[in-house]
Amino acid sequence: MKKIKYLLVLVVLIVFSFSNYALASNTKSSSVAIPISTGLVGSDNSAKTFYLELPSGVKSASIMENSLKYNGNNEKIGGVAIENGKIKITLKGTSNTKILDKVQGYRSSYESLYNTKIYNSIWLYSDGRRWQINEYDEYNDRMKTKDVNATDGYPSQNPPKTVVTAGPLREQEYLKWYNGSKTEVIDSQDIIASSIVPKILKYSPYAYKEPTFKNGRVIINYYIPNSVNWESEPDGGLSGKAEGRKYFAEVSYYYEAKAKVTTYSYGGTVTFDYGLPDEVTLTGSAILEQPNPNPTKFENKNVPVKITVKGELLAYKDSSNIEEWVFYAKEKNNEGSLKTKKVYTKTLTANESFQFEIPKAKVTGSSFSQDYDLSVVVRFKKPVVTKTGTITSLKESFSARAGVYTTPNPPGGGFPGPSSPPDPPREMKPPIALINAPSRVKAGQEFEASGAGSYDPDGFIKSYYWDAPGAEGELIDKPRGTIWYDKDHLGEQTIALTVVDDEMMTGSTSKEITVIEPKPDALIRAEGTLKQNRKVIIQSYSSSPKHYPLVASKTKITITAISGGTDADIKYSGSLNGVFSKEALFKKPGQYKATIYVENTLGLSASNETTFEIVPDEKPFAYFTLPGSVYRNPEDGNKATISIDDMSFSPDKDIVARRLWEYRYDSNNNGTFTDENWVIFNNENLSRLNLKVQDVGQYEVRLTVFEEFGQPTIEEFVTQADRQSINSDITQNVIERIFKVKNQAPDVDWSR
């Protein structure tokens, strides 16, 4: 009976092992690269959803979804999944800080200038001989009036030619910032306010000189009359020859500034396993390598096109039976453009590249595209037996499209043009609506709802229609918008999106968002150099939803000692209340604690604490080397020269700021130095030096090392006594600090 049981176990193990082997042998690993993007600016780039095309020959149904894995430096949000035949992955952008120079500020939209239309009021007196000129006084920041006599007869037809000054207020209403293009919008909170300067772009041709900015105004000096347009002022009961005129001038301007922005980058790969076919199969791909990007901007010259065609055999191992690989490529509907290449290598994969060209003469409209037909054929020496019969060759076909444009393409990236052949009739497919938004937000917290990931399988999306009941902010007919919910809309909220494509077909979706209480988040950290007598920054990183901000005056920080030191050893200036950052210094090492209490405009509060250790300021280590004995030199006044090399250092990266060198001589030759006095021979912070002495005998050298702080401190709380010092008596053996001076033996000549 036992033998039967063992036999059954053995059979089960064999079957289990065989099934695992079969599974492994019928699967293959592959990967898809996530488009590398760096330097993306704006909160809409802090997280991105990618829809990745599958490699040629891989069907979405054959992918083992539990094998989908992301490899890269970004943080993955949620899981990796297959959606609508593509790999869907959402990544958090890797952030970095960057200073942008000369970002442009326009009125509401890109390259929309601020246009200041100004006028000066000019009046002819009733005597018909004098003109009253009203203008702005830029030096006193007020209006002023002057009278000038007419110079053109009676009654005067025009005031005499003169320069007048106007000073309308400089505008910043609807100011929106861009970094060189309408697609790269810079958040106004990233602008460095002190760097904002207005820039004149154009002004009336009859201006006396280029306008300037002063007193918060646009200052323009211009000639009147000088073919200057004018309008009549209301008569206001004028009589006689009196009349009023408005003389006009215009100034157009924008702003430039520096911005400290957070940039985001993406990259990486998604790897996965997929099932292989159980019959010999040919798969492959056609990759358009040029132009890049595709379509590319037309520059009035021929455009090179490069396409690489790849073939791969699946479920087949006998490479010795491969006779040849044949690759074909041609322009669609142009048999004369056919190109053929053959490869005789006996491998299960092969590839070849083809070069074409889009002639500049073909680009006659706003865009032009060229379609290509490509194929790969593998031929076998001996017929291959399959379930359906025998085969001698396999073929796989592909298509590619390359294009150029002279004006931006319509959404969706197509390349329609008068030179393109008409597309064959096709079944119209509706667009796919997708919403990217957080699933959980606090009331008062602004967030972005984006439909930019929506797409149309056979065209492009034309319109976006949002519905967000109860939401505040801007969520209008654009791909994305920023919204928020107030404190009265806690709980489950729904946002919906309907997209319309170029064929007026629609697609809709919705997303549930949980709105929670707008309680602030309290966070405090100890930063800087956590060392005795160094500057430590107690920094609050607390936050609250934008529309229910923290009340600064309610913020309270406390710093207390836990062990090692006392509260008296904590030094700072001013108060800890109403501040979000405080510089402090700790006189003694030990454990300390910082706490913070914050409160927002709704009266909701939060607190937090952090404990941290202040390490001791370590003493330096004094150590030097010198020879054990030296001889007096008759050619140097019978003096002995001792070379000394200092090897002292600070173990905690402070600065060795001063070295004091001393020696003493065993003058009575009694073998001890305790009855001798120290003599300073150098105080110049030298690490390599020579000591010259005259007398024969023993000498002892001593080095005292003085430190200066190697990290920031707060000068008002430290004294010279807080700087560490040490001498070599403590850190070095005495035998290493002693040298002997000897006489050289005389030379004796025994030859005489």
# chains A, B, ... in the order shown; residues from 1 in each chain; ligands from 1

call {"tool": "residues_around", "arguments": {"residues": "stretch 685-695 of chain A", "least_positions_apart": "3", "cutoff": "6 Å", "atoms": "only C-alpha atoms", "output": "compact mmCIF listing (two decimals) with N, CA and C atoms, in the first residue's frame"}}
result
# COMPACT_ATOMS: atom_id res chain seq x y z
N LYS A 639 74.13 74.56 12.44
CA LYS A 639 72.76 74.38 12.91
C LYS A 639 72.18 73.09 12.34
N ALA A 640 71.23 72.54 13.09
CA ALA A 640 70.51 71.35 12.63
C ALA A 640 69.11 71.77 12.15
N THR A 641 68.65 71.21 11.01
CA THR A 641 67.33 71.54 10.45
C THR A 641 66.43 70.32 10.56
N ILE A 642 65.29 70.49 11.22
CA ILE A 642 64.33 69.40 11.41
C ILE A 642 63.11 69.70 10.54
N SER A 643 62.75 68.79 9.61
CA SER A 643 61.56 68.93 8.77
C SER A 643 60.37 68.30 9.47
N ILE A 644 59.27 69.07 9.57
CA ILE A 644 58.08 68.61 10.29
C ILE A 644 56.89 68.63 9.33
N ASP A 645 56.13 67.56 9.30
CA ASP A 645 54.91 67.47 8.50
C ASP A 645 53.72 67.23 9.42
N ASP A 646 52.73 68.13 9.31
CA ASP A 646 51.54 67.99 10.15
C ASP A 646 50.51 67.11 9.45
N ARG A 658 44.02 77.24 12.95
CA ARG A 658 45.28 77.77 13.49
C ARG A 658 46.10 76.63 14.06
N ARG A 659 47.42 76.71 13.86
CA ARG A 659 48.37 75.75 14.41
C ARG A 659 49.45 76.51 15.18

call {"tool": "residues_around", "arguments": {"residues": "A:Phe681", "least_positions_apart": "4", "cutoff": "9 Å", "atoms": "only C-alpha atoms", "output": "PyMOL selection string"}}
result
chain A and resi 660-663+691

call {"tool": "write_last_selection", "arguments": {"atoms": "C-alpha atoms", "output": "compact mmCIF listing (two decimals), in the first residue's frame"}}
result
# COMPACT_ATOMS: atom_id res chain seq x y z
CA LEU A 660 50.67 76.78 17.25
CA TRP A 661 54.13 75.15 17.13
CA GLU A 662 56.40 75.03 20.23
CA TYR A 663 59.55 73.20 21.33
CA LEU A 691 62.79 74.03 12.79

call {"tool": "select_by_dssp", "arguments": {"residues": "stretch 112-317 of chain A", "states": "helix (DSSP H, G or I)", "output": "PyMOL selection string"}}
result
chain A and resi 188-190+193-195

call {"tool": "write_last_selection", "arguments": {"atoms": "C-alpha atoms", "output": "short mmCIF file (atom, residue, chain, number, x, y, z; two decimals), in the first residue's frame"}}
result
data_model
loop_
_atom_site.label_atom_id
_atom_site.label_comp_id
_atom_site.auth_asym_id
_atom_site.auth_seq_id
_atom_site.Cartn_x
_atom_site.Cartn_y
_atom_site.Cartn_z
CA SER A 188 1.97 82.50 -11.43
CA GLN A 189 3.05 81.28 -7.98
CA ASP A 190 6.34 80.12 -9.54
CA ALA A 193 8.02 88.72 -8.19
CA SER A 194 11.13 90.88 -7.85
CA SER A 195 12.24 89.91 -11.36
#

call {"tool": "closest_atom_pairs", "arguments": {"of": "stretch 463-549 of chain A", "to": "stretch 43-56 of chain A", "cutoff": "10 Å", "atoms": "only C-alpha atoms", "output": "Markdown table"}}
result
| residue | atom | partner | partner_atom | distance |
| --- | --- | --- | --- | --- |
| A:Arg480 | CA | A:Asp44 | CA | 8.5 |
| A:Gly481 | CA | A:Asp44 | CA | 9.3 |
| A:Thr482 | CA | A:Asp44 | CA | 9.5 |

call {"tool": "write_last_selection", "arguments": {"atoms": "C-alpha atoms", "output": "CSV table (one decimal), in the first residue's frame"}}
result
chain,number,residue,atom,x,y,z
A,480,ARG,CA,-8.3,69.8,-18.5
A,481,GLY,CA,-9.2,72.2,-15.8
A,482,THR,CA,-8.7,73.0,-12.1

call {"tool": "atom_distance", "arguments": {"atom1": "atom CA of A:Leu585", "atom2": "atom CA of A:Tyr597"}}
result
21.3 Å

call {"tool": "residues_around", "arguments": {"residues": "stretch 548-555 of chain A", "least_positions_apart": "5", "cutoff": "12 Å", "atoms": "only C-alpha atoms", "output": "number ranges by chain"}}
result
A: 442-446, 484-487, 517-524, 540-543, 575-581, 595-608

call {"tool": "residues_around", "arguments": {"residues": "A:Arg130", "least_positions_apart": "3", "cutoff": "8 Å", "atoms": "only C-alpha atoms", "output": "compact mmCIF listing (two decimals) with C-alpha atoms, in the first residue's frame"}}
result
# COMPACT_ATOMS: atom_id res chain seq x y z
CA LEU A 124 -8.82 125.96 -27.73
CA TYR A 125 -9.89 129.03 -25.75
CA ASP A 127 -10.55 133.78 -28.17
CA ASP A 147 -1.25 127.37 -22.12
CA VAL A 148 0.50 127.88 -25.48
CA ASN A 149 -0.20 130.52 -28.11
CA ALA A 150 -1.48 129.49 -31.50
CA SER A 156 -6.33 128.53 -34.81

call {"tool": "residues_around", "arguments": {"residues": "A:Lys571", "least_positions_apart": "5", "cutoff": "12 Å", "atoms": "only C-alpha atoms", "output": "MDAnalysis selection string"}}
result
chainID A and resid 532:537 559:561 565:566 576 582:588 713:718

call {"tool": "write_last_selection", "arguments": {"atoms": "C-alpha atoms", "output": "PDB file, in the first residue's frame"}}
result
ATOM      1  CA  GLN A 532      26.459  71.342  19.017  1.00  0.00           C
ATOM      2  CA  ASN A 533      26.827  75.123  18.481  1.00  0.00           C
ATOM      3  CA  ARG A 534      25.654  74.933  14.843  1.00  0.00           C
ATOM      4  CA  LYS A 535      22.649  76.546  13.187  1.00  0.00           C
ATOM      5  CA  VAL A 536      19.627  74.233  13.139  1.00  0.00           C
ATOM      6  CA  ILE A 537      16.489  75.248  11.239  1.00  0.00           C
ATOM      7  CA  ILE A 559      11.424  73.262  21.324  1.00  0.00           C
ATOM      8  CA  THR A 560      12.295  71.263  24.445  1.00  0.00           C
ATOM      9  CA  ALA A 561      15.178  69.188  25.756  1.00  0.00           C
ATOM     10  CA  GLY A 565      20.883  69.212  27.668  1.00  0.00           C
ATOM     11  CA  THR A 566      18.310  71.498  29.259  1.00  0.00           C
ATOM     12  CA  LEU A 576       8.262  80.810  18.344  1.00  0.00           C
ATOM     13  CA  LYS A 582      13.023  79.349  13.255  1.00  0.00           C
ATOM     14  CA  GLU A 583      16.825  79.257  13.418  1.00  0.00           C
ATOM     15  CA  ALA A 584      18.046  77.747  16.681  1.00  0.00           C
ATOM     16  CA  LEU A 585      21.338  76.700  18.282  1.00  0.00           C
ATOM     17  CA  PHE A 586      21.947  74.004  20.902  1.00  0.00           C
ATOM     18  CA  LYS A 587      24.771  74.535  23.386  1.00  0.00           C
ATOM     19  CA  LYS A 588      24.945  70.902  24.495  1.00  0.00           C
ATOM     20  CA  THR A 713      26.419  78.859  13.241  1.00  0.00           C
ATOM     21  CA  ILE A 714      24.589  81.756  14.899  1.00  0.00           C
ATOM     22  CA  GLU A 715      27.353  84.140  15.963  1.00  0.00           C
ATOM     23  CA  GLU A 716      25.416  85.883  18.734  1.00  0.00           C
ATOM     24  CA  PHE A 717      25.183  82.614  20.687  1.00  0.00           C
ATOM     25  CA  VAL A 718      28.810  81.400  20.458  1.00  0.00           C
TER      26      VAL A 718
END
